[in-house]
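Read through the structure below, which is laid out as structure tokens, and then see the notes.
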Amino acid sequence: MEATFRWTLVTATAPVAWGTTYFVTQQFLPPGYPLYGAAIRALPAGLLLLLLSGRLPHGSWWWKSLVLGTLNMSAFFALIYLAAQLLPTSVASTIMAMSPVVMMLLAWSVLAERPRIAHLAGAGVGIAGVCLMLFTGTAAVDALGVLASVAAMVMSSFGYVLAKRWATGAGTLSSTSWQLIAGGLVLLPFAAALEGPPPALEGPALLGFGYVTVVATALAFAAWFSGLRHLPAAAVGLVGLLNPVTGVLLGTTIAAEALTARQLCGLALVGLGILLGQPAATRLAALLRDRKRPSRPQEGAAGSQPTWTRGRRAVSCSAWRNTSRVSGGMSPPPKTR
């Protein structure tokens with residue numbers, strides 16, 4: 001149980017780091033370059049992890065890296081940027097909060113990981129918390145933005161499940177670095193064709209890209225894929241709900257605003273949903289159920305006496321012998337029905 005809890009904490013660093021990228025992107029990174037921004041974010045992070053792992057792709061990992069890099073990095077980054085341009089943050093975050101359910105269904109079909117009732121309950125409670133925390137119902141909804149957000153959610157969920165299925169044969173750092181490099185290389189020609197020359201980066205932008213590259217990409221994706229190797233996909237998907245929670249907490253902290261009662265209730269529901277879906281919580285609930293069940297003595301066990309039942313009353317062998325001595329040894333043993 002302690003090992004599972006540690007891997008949950010490791011996995012949680014990813015959505016927390018991703019939740020800070022909204023603020024860093026808006027405050028420090030140059031606007032109008034989503035494809036270059038994604039490529040500059042992915043390529044250096046992949047090269048850094050490749051330097052740490054020291055392993056190049058081999059065999060089928062050449063094409064697997066391309067597939068995973070497209071699903072998890074290049075297409076995902078581009079679609080998320082498009083959704084952020086067309087949808088309010090509350091609507092986009094609410095749509096992305098559905099990803100735990102999508103991951104559960106995909107893991108069931110691809111990995112044969114059948115979701116438990118606790119996972120489904122945790123997803124429902126967590127999504128309700130995100131809606132309560134962010135969604136007001138008054139924002140305009142763009143159909144193309146909704147389509148882009150849904151596509152990003154489904155593609156990344158499928159990519160994460162595939163990464164878990166293909167986890168054998170390569171270490172976490174190695175496979176993560178290959179995905180990031182492949183995703184960055186896929187983005188570069190589209191960025192050059194659609195956005196022209198790359199943006200000029202000054203001091204704040206360099207610091208912003210440094211943080212996004214090292215913390216929110218290299219460290220975050222390595223932690224995320226490590227969690228997928230050691231935890232059920234459903235549990236990892238629920239941990240991802242910390243992403244909007246981090247965004248809300250960071251936004252209110254920077255704006256020096258107090259959380260409203262509605263936001264506090266939403267945060268509590270998200271936390272409860274995450275806890276419900278974790279393996280440690282499931283094992284603890286099963287342990288408590290087992291302790292509440294009355295234990296039944298087994299016949300022939302050491303130190304136990306065989307019993308005869310008469311109606312609803314159980315009479316042990318020693319008790320019958322004592323009764324027999326009092327009555328002169330003439331009373332028969334009770335009959336069993």
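Ligands are numbered from 1 in the order shown, residues from 1 within each chain, and chains are lettered A, B, ... in the order they appear in the structure tokens.
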| Residue list (alpha helix (DSSP H), DSSP) for region 35-188 of chain A, as a PyMOL selection string | chain A and resi 35-53+61-69+75-86+89-96+99-110+117-134+143-165+172-188
| said: List as a list in words the protein and nucleic acid residues near Ala167 (chain A), meaning an atom at most 9 Å away when only C-alpha atoms are counted, but skip any in the same chain fewer than 4 places from it. | reply: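 Close residues of Ala167 (chain A): Leu162, Ala163, Gly171, Thr172, Ser175, Phe225, Leu228 and Arg229 of chain A.
Closest approach to Leu120 (chain A) among A:Leu259, A:Leu187, A:Ala234, A:Leu206: A:Ala234, based on only C-alpha atoms.
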Would you write out, as a Markdown table, a table of all residues in region 231-260 of chain A that have an atom no more than 12 Å from an atom of region 21-28 of chain A, listing for each the closest atom pair and the distance in Å to one decimal, considering only C-alpha atoms and ordering rows by chain and rising residue number?
| residue | atom | partner | partner_atom | distance |
| --- | --- | --- | --- | --- |
| A:Asn243 | CA | A:Thr21 | CA | 9.8 |
| A:Pro244 | CA | A:Tyr22 | CA | 10.0 |
| A:Thr246 | CA | A:Thr21 | CA | 10.0 |
| A:Gly247 | CA | A:Tyr22 | CA | 7.3 |
| A:Val248 | CA | A:Tyr22 | CA | 10.5 |
| A:Leu249 | CA | A:Phe23 | CA | 11.3 |
| A:Leu250 | CA | A:Phe23 | CA | 8.1 |
| A:Gly251 | CA | A:Phe23 | CA | 7.8 |
| A:Thr252 | CA | A:Phe23 | CA | 11.5 |
| A:Thr253 | CA | A:Phe23 | CA | 11.5 |
| A:Ile254 | CA | A:Phe23 | CA | 9.5 |
| A:Ala255 | CA | A:Phe23 | CA | 11.6 |
| Contact residues around Leu180 (chain A) with only C-alpha atoms at 12 Å, ignoring same-chain residues under 3 positions, as a VMD selection string | chain A and resid 38 to 50 65 to 77 173 to 177 183 to 187 213 217 to 222
| task | Quote the spacing between CA of Leu87 (chain A) and CA of Val141 (chain A) in Å to one decimal place. | result | 6.3 Å
| message | Given only C-alpha atoms as the basis, pick out the residue of A:Ile127, A:Ala14, A:Gly273, A:Ala170 nearest to Trp62 (chain A). | response | A:Ala170
| query | Which value, in Å to one decimal, gives the distance between CA of Lys64 (chain A) and CA of Leu51 (chain A)? | reply |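 Those two atoms sit 19.9 Å apart.
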| request: Name the closest residue to Ala3 (chain A) among the candidates A:Gly227, A:Pro198, A:Gly129, A:Gly266; distances are taken between atoms, counting only C-alpha atoms. | output: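 When distances to Ala3 (chain A) are compared using only C-alpha atoms, the smallest one comes from A:Gly227.
If you look at CA of Leu241 (chain A) and CA of Leu82 (chain A), they are 20.9 Å away from each other.
Residue nearest Gly159 (chain A) within the list A:Leu106, A:Gly126, A:Thr11, A:Pro204: A:Leu106 [criterion: smallest interatomic distance, only C-alpha atoms].
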